[in-house]
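Shown next: run.cif, containing mmCIF, C-alpha atoms.
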```cif
data_entry
#
loop_
_atom_site.group_PDB
_atom_site.id
_atom_site.type_symbol
_atom_site.label_atom_id
_atom_site.label_comp_id
_atom_site.auth_asym_id
_atom_site.auth_seq_id
_atom_site.Cartn_x
_atom_site.Cartn_y
_atom_site.Cartn_z
ATOM 1 C CA MET A 225 124.386 102.678 77.105
ATOM 2 C CA GLU A 226 120.716 101.686 77.122
ATOM 3 C CA ILE A 227 121.130 99.405 80.136
ATOM 4 C CA TYR A 228 122.391 102.409 82.120
ATOM 5 C CA GLY A 229 119.408 104.355 80.832
ATOM 6 C CA TYR A 230 116.982 101.774 82.184
ATOM 7 C CA ILE A 231 118.767 101.768 85.544
ATOM 8 C CA ALA A 232 118.634 105.558 85.652
ATOM 9 C CA SER A 233 114.906 105.412 84.830
ATOM 10 C CA VAL A 234 114.317 103.741 88.193
ATOM 11 C CA PHE A 235 115.805 106.770 89.945
ATOM 12 C CA ILE A 236 113.520 109.123 87.996
ATOM 13 C CA GLY A 237 110.577 107.523 89.793
ATOM 14 C CA VAL A 238 112.348 107.131 93.140
ATOM 15 C CA SER A 239 113.086 110.867 93.190
ATOM 16 C CA LEU A 240 109.472 111.776 92.441
ATOM 17 C CA GLY A 241 108.111 109.389 95.072
ATOM 18 C CA LEU A 242 110.615 110.339 97.757
ATOM 19 C CA ILE A 243 110.919 114.120 97.456
ATOM 20 C CA GLY A 244 108.042 115.088 95.127
ATOM 21 C CA GLY A 245 110.302 116.516 92.430
ATOM 22 C CA GLY A 246 113.589 116.144 90.644
ATOM 23 C CA GLY A 247 112.485 113.265 88.421
ATOM 24 C CA SER A 248 112.086 115.445 85.350
ATOM 25 C CA ILE A 249 115.539 116.909 85.956
ATOM 26 C CA LEU A 250 116.927 113.411 85.397
ATOM 27 C CA THR A 251 114.637 112.434 82.525
ATOM 28 C CA LEU A 252 115.952 114.690 79.742
ATOM 29 C CA PRO A 253 119.670 113.861 80.261
ATOM 30 C CA VAL A 254 118.818 110.150 80.480
ATOM 31 C CA LEU A 255 116.918 110.287 77.182
ATOM 32 C CA VAL A 256 119.511 112.393 75.356
ATOM 33 C CA TYR A 257 122.787 110.932 76.611
ATOM 34 C CA LEU A 258 121.889 107.317 77.441
ATOM 35 C CA PHE A 259 119.179 106.571 74.856
ATOM 36 C CA GLY A 260 120.411 108.918 72.106
ATOM 37 C CA VAL A 261 117.043 110.645 71.675
ATOM 38 C CA ASP A 262 117.005 114.001 69.883
ATOM 39 C CA ALA A 263 116.815 116.814 72.461
ATOM 40 C CA PHE A 264 113.601 118.310 71.062
ATOM 41 C CA LEU A 265 111.875 114.914 70.945
ATOM 42 C CA ALA A 266 113.249 114.131 74.411
ATOM 43 C CA THR A 267 111.272 117.082 75.843
ATOM 44 C CA GLU A 268 108.122 115.399 74.528
ATOM 45 C CA TYR A 269 109.070 111.997 75.934
ATOM 46 C CA SER A 270 109.961 113.575 79.272
ATOM 47 C CA LEU A 271 106.489 115.074 79.601
ATOM 48 C CA PHE A 272 104.847 111.668 79.167
ATOM 49 C CA ILE A 273 107.230 109.766 81.468
ATOM 50 C CA VAL A 274 107.025 112.322 84.271
ATOM 51 C CA GLY A 275 103.265 112.783 83.835
ATOM 52 C CA VAL A 276 102.382 109.096 84.028
ATOM 53 C CA SER A 277 104.794 108.475 86.915
ATOM 54 C CA SER A 278 103.425 111.425 88.870
ATOM 55 C CA ILE A 279 99.830 110.199 88.518
ATOM 56 C CA VAL A 280 100.827 106.891 90.106
ATOM 57 C CA GLY A 281 102.830 108.660 92.799
ATOM 58 C CA SER A 282 100.027 111.057 93.682
ATOM 59 C CA ALA A 283 97.553 108.175 94.226
ATOM 60 C CA SER A 284 99.038 107.163 97.586
ATOM 61 C CA TYR A 285 99.083 110.788 98.759
ATOM 62 C CA PHE A 286 95.451 111.176 97.657
ATOM 63 C CA LYS A 287 94.416 108.100 99.676
ATOM 64 C CA LYS A 288 96.021 109.647 102.753
ATOM 65 C CA GLY A 289 94.275 112.990 102.211
ATOM 66 C CA LEU A 290 97.565 114.703 101.423
ATOM 67 C CA VAL A 291 96.454 116.491 98.235
ATOM 68 C CA ASN A 292 95.034 120.028 98.252
ATOM 69 C CA PHE A 293 92.986 120.200 95.052
ATOM 70 C CA LYS A 294 92.047 123.862 95.484
ATOM 71 C CA THR A 295 95.714 124.780 95.562
ATOM 72 C CA ALA A 296 96.432 122.441 92.656
ATOM 73 C CA PHE A 297 93.826 124.354 90.640
ATOM 74 C CA VAL A 298 95.154 127.816 91.609
ATOM 75 C CA PHE A 299 98.724 126.864 90.785
ATOM 76 C CA GLY A 300 98.037 124.394 88.001
ATOM 77 C CA LEU A 301 95.598 126.281 85.754
ATOM 78 C CA PRO A 302 97.984 129.143 84.825
ATOM 79 C CA SER A 303 100.717 126.541 84.411
ATOM 80 C CA ILE A 304 98.617 124.469 81.994
ATOM 81 C CA VAL A 305 97.797 127.542 79.902
ATOM 82 C CA SER A 306 101.503 128.458 79.734
ATOM 83 C CA ILE A 307 102.488 124.924 78.721
ATOM 84 C CA PHE A 308 99.911 124.798 75.935
ATOM 85 C CA LEU A 309 100.909 128.201 74.540
ATOM 86 C CA THR A 310 104.626 127.425 74.803
ATOM 87 C CA ARG A 311 104.481 124.061 73.020
ATOM 88 C CA LYS A 312 101.856 125.060 70.488
ATOM 89 C CA TYR A 313 103.169 128.479 69.485
ATOM 90 C CA LEU A 314 106.562 129.361 71.044
ATOM 91 C CA LEU A 315 108.564 126.170 70.326
ATOM 92 C CA PRO A 316 107.653 126.084 66.594
ATOM 93 C CA LEU A 317 108.968 129.655 66.268
ATOM 94 C CA ILE A 318 112.478 128.629 67.336
ATOM 95 C CA PRO A 319 114.531 127.983 64.141
ATOM 96 C CA ASP A 320 116.711 124.886 63.749
ATOM 97 C CA ASP A 321 119.802 127.128 63.608
ATOM 98 C CA ILE A 322 119.358 130.132 65.893
ATOM 99 C CA PHE A 323 122.690 131.944 65.506
ATOM 100 C CA SER A 324 126.413 131.302 65.134
ATOM 101 C CA LEU A 325 129.300 132.580 67.216
ATOM 102 C CA GLY A 326 132.608 131.847 65.504
ATOM 103 C CA ASN A 327 132.709 128.093 64.973
ATOM 104 C CA LEU A 328 129.843 127.531 67.402
ATOM 105 C CA ILE A 329 126.422 127.123 65.818
ATOM 106 C CA VAL A 330 123.613 127.405 68.366
ATOM 107 C CA THR A 331 120.988 124.964 67.130
ATOM 108 C CA LYS A 332 117.520 124.455 68.520
ATOM 109 C CA ASN A 333 118.657 121.296 70.319
ATOM 110 C CA LEU A 334 121.685 123.045 71.840
ATOM 111 C CA PHE A 335 119.524 125.986 72.913
ATOM 112 C CA LEU A 336 117.051 123.689 74.703
ATOM 113 C CA LEU A 337 119.851 121.748 76.406
ATOM 114 C CA LEU A 338 121.509 124.965 77.631
ATOM 115 C CA ILE A 339 118.188 126.234 79.013
ATOM 116 C CA PHE A 340 117.745 122.879 80.701
ATOM 117 C CA ALA A 341 121.262 122.973 82.173
ATOM 118 C CA GLY A 342 120.551 126.449 83.589
ATOM 119 C CA LEU A 343 117.321 125.093 85.050
ATOM 120 C CA MET A 344 119.266 122.249 86.667
ATOM 121 C CA ILE A 345 121.631 124.716 88.334
ATOM 122 C CA ILE A 346 118.680 126.729 89.682
ATOM 123 C CA ALA A 347 117.047 123.496 90.862
ATOM 124 C CA SER A 348 120.233 122.450 92.635
ATOM 125 C CA TYR A 349 120.248 125.685 94.630
ATOM 126 C CA LYS A 350 116.636 125.138 95.660
ATOM 127 C CA MET A 351 117.489 121.635 96.839
ATOM 128 C CA ILE A 352 120.761 122.492 98.567
ATOM 129 C CA GLN A 353 119.469 125.503 100.504
ATOM 130 C CA LYS A 354 118.542 124.951 104.128
ATOM 131 C CA GLN A 355 114.936 124.059 104.945
ATOM 132 C CA VAL A 356 114.564 127.105 107.186
ATOM 133 C CA GLU A 357 114.773 129.278 104.107
ATOM 134 C CA ILE A 358 111.719 127.529 102.645
ATOM 135 C CA THR A 359 109.591 127.943 105.753
ATOM 136 C CA THR A 360 110.367 131.593 106.431
ATOM 137 C CA GLU A 361 107.246 133.591 107.274
ATOM 138 C CA THR A 362 106.145 136.355 104.929
ATOM 139 C CA ASN A 363 103.746 139.245 105.382
ATOM 140 C CA HIS A 364 101.889 138.906 102.096
ATOM 141 C CA SER A 365 98.082 138.953 102.175
ATOM 142 C CA GLU A 366 96.221 135.799 101.148
ATOM 143 C CA ASN A 367 95.201 137.356 97.818
ATOM 144 C CA HIS A 368 98.761 138.416 97.170
ATOM 145 C CA LYS A 369 100.014 134.916 97.960
ATOM 146 C CA THR A 370 97.487 133.414 95.562
ATOM 147 C CA LEU A 371 98.546 135.805 92.786
ATOM 148 C CA LEU A 372 102.205 135.027 93.415
ATOM 149 C CA ALA A 373 101.478 131.292 93.307
ATOM 150 C CA ALA A 374 99.546 131.695 90.035
ATOM 151 C CA GLY A 375 102.412 133.769 88.610
ATOM 152 C CA GLU A 376 104.954 131.135 89.550
ATOM 153 C CA GLY A 377 102.637 128.518 88.052
ATOM 154 C CA SER A 378 102.823 130.410 84.754
ATOM 155 C CA ILE A 379 106.626 130.477 84.916
ATOM 156 C CA VAL A 380 106.746 126.747 85.685
ATOM 157 C CA GLY A 381 104.474 126.178 82.692
ATOM 158 C CA VAL A 382 106.846 127.966 80.313
ATOM 159 C CA PHE A 383 109.823 125.889 81.456
ATOM 160 C CA THR A 384 107.774 122.683 81.379
ATOM 161 C CA GLY A 385 106.672 123.492 77.846
ATOM 162 C CA LEU A 386 110.197 124.299 76.685
ATOM 163 C CA VAL A 387 112.243 121.476 78.173
ATOM 164 C CA GLY A 388 109.760 118.926 79.534
ATOM 165 C CA ALA A 389 110.630 119.548 83.196
ATOM 166 C CA GLY A 390 107.789 119.103 85.670
ATOM 167 C CA GLY A 391 109.070 121.875 87.925
ATOM 168 C CA GLY A 392 108.574 120.191 91.293
ATOM 169 C CA PHE A 393 111.641 121.990 92.650
ATOM 170 C CA MET A 394 109.827 125.299 92.018
ATOM 171 C CA ILE A 395 106.320 124.129 92.905
ATOM 172 C CA ILE A 396 107.041 122.731 96.380
ATOM 173 C CA PRO A 397 108.836 125.842 97.753
ATOM 174 C CA ALA A 398 106.023 128.000 96.359
ATOM 175 C CA LEU A 399 103.323 125.888 98.027
ATOM 176 C CA VAL A 400 105.157 125.825 101.365
ATOM 177 C CA ASN A 401 106.421 129.413 101.278
ATOM 178 C CA LEU A 402 103.526 131.327 99.748
ATOM 179 C CA LEU A 403 100.513 129.233 100.704
ATOM 180 C CA LYS A 404 101.844 127.763 103.992
ATOM 181 C CA ILE A 405 100.979 124.185 103.049
ATOM 182 C CA PRO A 406 102.574 121.395 105.144
ATOM 183 C CA MET A 407 105.454 119.651 103.369
ATOM 184 C CA LYS A 408 103.732 116.260 102.968
ATOM 185 C CA VAL A 409 100.640 117.917 101.456
ATOM 186 C CA ALA A 410 102.889 120.066 99.254
ATOM 187 C CA ILE A 411 104.572 116.940 97.861
ATOM 188 C CA GLY A 412 101.231 115.245 97.116
ATOM 189 C CA THR A 413 99.803 118.419 95.573
ATOM 190 C CA SER A 414 102.990 118.938 93.564
ATOM 191 C CA LEU A 415 102.683 115.459 92.055
ATOM 192 C CA VAL A 416 99.094 116.193 90.971
ATOM 193 C CA ILE A 417 100.154 119.496 89.380
ATOM 194 C CA ILE A 418 103.138 117.873 87.651
ATOM 195 C CA SER A 419 101.013 115.031 86.286
ATOM 196 C CA PHE A 420 98.408 117.352 84.747
ATOM 197 C CA ASN A 421 101.019 119.802 83.453
ATOM 198 C CA SER A 422 103.151 117.123 81.849
ATOM 199 C CA LEU A 423 100.390 115.066 80.231
ATOM 200 C CA ILE A 424 98.542 118.098 78.859
ATOM 201 C CA GLY A 425 101.862 119.343 77.464
ATOM 202 C CA PHE A 426 102.496 115.963 75.851
ATOM 203 C CA PHE A 427 99.064 115.483 74.286
ATOM 204 C CA SER A 428 98.950 119.058 72.991
ATOM 205 C CA THR A 429 101.715 118.349 70.458
ATOM 206 C CA PHE A 430 102.427 114.596 70.263
ATOM 207 C CA ASN A 431 100.589 114.203 66.930
ATOM 208 C CA ALA A 432 103.287 116.270 65.227
ATOM 209 C CA MET A 433 106.082 113.857 66.223
ATOM 210 C CA LYS A 434 107.125 110.267 65.600
ATOM 211 C CA ILE A 435 106.843 108.593 68.985
ATOM 212 C CA GLN A 436 108.758 105.387 69.750
ATOM 213 C CA TRP A 437 105.985 103.959 71.904
ATOM 214 C CA ASN A 438 107.897 100.792 72.837
ATOM 215 C CA LEU A 439 110.815 102.789 74.242
ATOM 216 C CA LEU A 440 108.547 105.360 75.847
ATOM 217 C CA GLY A 441 106.328 102.695 77.423
ATOM 218 C CA THR A 442 109.284 100.728 78.791
ATOM 219 C CA ILE A 443 110.944 103.752 80.393
ATOM 220 C CA SER A 444 107.601 104.901 81.817
ATOM 221 C CA ALA A 445 106.905 101.464 83.322
ATOM 222 C CA ILE A 446 110.354 101.398 84.951
ATOM 223 C CA ALA A 447 109.892 104.952 86.272
ATOM 224 C CA ILE A 448 106.500 103.950 87.719
ATOM 225 C CA GLY A 449 108.204 101.068 89.493
ATOM 226 C CA GLY A 450 110.703 103.577 90.838
ATOM 227 C CA ILE A 451 108.017 105.915 92.111
ATOM 228 C CA LEU A 452 106.348 103.043 93.969
ATOM 229 C CA ILE A 453 109.706 102.279 95.574
ATOM 230 C CA GLY A 454 110.209 105.970 96.391
ATOM 231 C CA THR A 455 106.748 106.241 97.940
ATOM 232 C CA GLN A 456 107.467 103.279 100.207
ATOM 233 C CA LEU A 457 110.885 104.677 101.127
ATOM 234 C CA SER A 458 109.276 108.014 102.032
ATOM 235 C CA LYS A 459 107.593 106.243 104.959
ATOM 236 C CA LYS A 460 110.994 105.355 106.413
ATOM 237 C CA ILE A 461 113.314 108.026 105.043
ATOM 238 C CA ASP A 462 112.933 111.790 105.365
ATOM 239 C CA GLY A 463 113.177 113.008 101.780
ATOM 240 C CA LYS A 464 114.141 116.488 103.002
ATOM 241 C CA LYS A 465 117.427 115.089 104.331
ATOM 242 C CA LEU A 466 118.278 113.621 100.930
ATOM 243 C CA LYS A 467 117.504 116.793 98.994
ATOM 244 C CA PRO A 468 120.888 118.536 99.515
ATOM 245 C CA ALA A 469 122.839 115.491 98.282
ATOM 246 C CA PHE A 470 120.536 115.184 95.268
ATOM 247 C CA GLY A 471 120.952 118.936 94.719
ATOM 248 C CA TRP A 472 124.749 118.619 94.496
ATOM 249 C CA PHE A 473 124.327 115.790 91.983
ATOM 250 C CA ILE A 474 121.997 117.953 89.864
ATOM 251 C CA LEU A 475 124.485 120.847 90.037
ATOM 252 C CA VAL A 476 127.299 118.645 88.716
ATOM 253 C CA MET A 477 125.021 117.321 85.948
ATOM 254 C CA GLY A 478 124.029 120.848 84.894
ATOM 255 C CA ILE A 479 127.647 121.982 84.689
ATOM 256 C CA TYR A 480 128.567 118.787 82.814
ATOM 257 C CA ILE A 481 125.894 119.430 80.160
ATOM 258 C CA ILE A 482 127.129 122.999 79.593
ATOM 259 C CA ILE A 483 130.769 121.870 79.282
ATOM 260 C CA LYS A 484 129.908 118.903 77.058
ATOM 261 C CA GLU A 485 127.694 120.860 74.674
ATOM 262 C CA LEU A 486 129.923 123.955 74.400
ATOM 263 C CA PHE A 487 133.472 122.705 74.757
ATOM 264 C CA LEU A 488 133.693 118.944 74.073
#
```
Could you rewrite the structure in this file as structure tokens?
Amino acid sequence: MEIYGYIASVFIGVSLGLIGGGGSILTLPVLVYLFGVDAFLATEYSLFIVGVSSIVGSASYFKKGLVNFKTAFVFGLPSIVSIFLTRKYLLPLIPDDIFSLGNLIVTKNLFLLLIFAGLMIIASYKMIQKQVEITTETNHSENHKTLLAAGEGSIVGVFTGLVGAGGGFMIIPALVNLLKIPMKVAIGTSLVIISFNSLIGFFSTFNAMKIQWNLLGTISAIAIGGILIGTQLSKKIDGKKLKPAFGWFILVMGIYIIIKELFL
């Protein structure tokens, strides 16, 4: 199964480079189902893979002046705080066996996978919905928009801390909708936010875990190759047109995880 995992790792990067998000949605299932990594440890690996890949991906956007660092700070700071608190204090509080329902024992790993599957379904809706919904005008004041963006940054941080998802599918609509940032700038800014969020989340707790650095380094290198490919493809292909198809794929994956973990 590992060969399929390495192939899938390419698409983690391609997704990030092409549409500015979605890579982390692929990373956890790839690690758990193709590489056999424990779900809790996979959240840690996912943070590193997505973080390193996003740094590389954001470089080309930075060179083109397509990164808004002020916005990255407004959105990213609350997110970073949430990630640190979630991984440092909330995750350790979750017991290995949470509760049982008949013959079903809800373990920590199962709980994280179910949260992740729900996140995938939400992400799929965000990707499938028509672009006009993302660019709808609102009447919020600038201060209100900033507060809303910071609040959503905090929410993204909690999910990133819990399941290792970068949250690009939530970040980009927030940047475009609330702060009226052009899509290309939103993608570049999203990659910067994701990179900081993910790497800070990883380094806040990695000392407490046994990291397979060879595996992690190999997957990260392949994902970086993918993001370089995705960045080049973004010059020729409109990532927005691919989002709905990718959204349907994510929806199927989310439903598959729920069925597999609960019924198979």
Spell out the residues picked by the PyMOL selection byres ((chain A and resi 437-452) around 8) here, as a ChimeraX atom specification.
/A:230,233-242,269,272-274,276-278,280-281,435-436,453-456
Could you write those residues out with C-alpha atoms, as a short mmCIF file (atom, residue, chain, number, x, y, z; two decimals), keeping the file's coordinate frame?
```cif
data_model
loop_
_atom_site.label_atom_id
_atom_site.label_comp_id
_atom_site.auth_asym_id
_atom_site.auth_seq_id
_atom_site.Cartn_x
_atom_site.Cartn_y
_atom_site.Cartn_z
CA TYR A 230 116.98 101.77 82.18
CA SER A 233 114.91 105.41 84.83
CA VAL A 234 114.32 103.74 88.19
CA PHE A 235 115.80 106.77 89.94
CA ILE A 236 113.52 109.12 88.00
CA GLY A 237 110.58 107.52 89.79
CA VAL A 238 112.35 107.13 93.14
CA SER A 239 113.09 110.87 93.19
CA LEU A 240 109.47 111.78 92.44
CA GLY A 241 108.11 109.39 95.07
CA LEU A 242 110.62 110.34 97.76
CA TYR A 269 109.07 112.00 75.93
CA PHE A 272 104.85 111.67 79.17
CA ILE A 273 107.23 109.77 81.47
CA VAL A 274 107.02 112.32 84.27
CA VAL A 276 102.38 109.10 84.03
CA SER A 277 104.79 108.48 86.92
CA SER A 278 103.42 111.42 88.87
CA VAL A 280 100.83 106.89 90.11
CA GLY A 281 102.83 108.66 92.80
CA ILE A 435 106.84 108.59 68.98
CA GLN A 436 108.76 105.39 69.75
CA ILE A 453 109.71 102.28 95.57
CA GLY A 454 110.21 105.97 96.39
CA THR A 455 106.75 106.24 97.94
CA GLN A 456 107.47 103.28 100.21
#
```
Contacts of Phe420 of chain A at 8 Å or less, counting all atoms listed in the file, minus same-chain residues fewer than 4 places along, as a ChimeraX atom specification?
/A:275,300,304,416,424
Selected residues written out with C-alpha atoms, as a tab-separated table (two decimals), in the coordinates of the input:
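Final output, saved to again_33.tsv:
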```
chain	number	residue	atom	x	y	z
A	275	GLY	CA	103.26	112.78	83.84
A	300	GLY	CA	98.04	124.39	88.00
A	304	ILE	CA	98.62	124.47	81.99
A	416	VAL	CA	99.09	116.19	90.97
A	424	ILE	CA	98.54	118.10	78.86
```
Among the residues A:Phe264, A:Phe308, A:Leu337, A:Gln353, the one that comes closest to Asp320 of chain A [using only C-alpha atoms]:
A:Phe264
List every protein, DNA or RNA residue that has an atom no more than 12 Å from (105.5, 134.2, 87.0) in the file's coordinate frame, counting only C-alpha atoms, and report them as a count of residues only.
21
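The coordinates place atom CA of Leu399 of chain A at 20.5 Å from atom CA of Phe470 of chain A.
The shell of residues at most 12 Å from Phe259 of chain A, with all atoms listed in the file counted and near chain neighbours (fewer than 3 positions) removed, consists of Met225, Glu226, Ile227, Tyr228, Gly229, Tyr230, Ile231, Ala232, Ser233, Thr251, Leu252, Pro253, Val254, Leu255, Val256, Asp262, Ala263, Leu265, Ala266, Tyr269, Gln436, Leu439, Leu440 and Ile443 of chain A.
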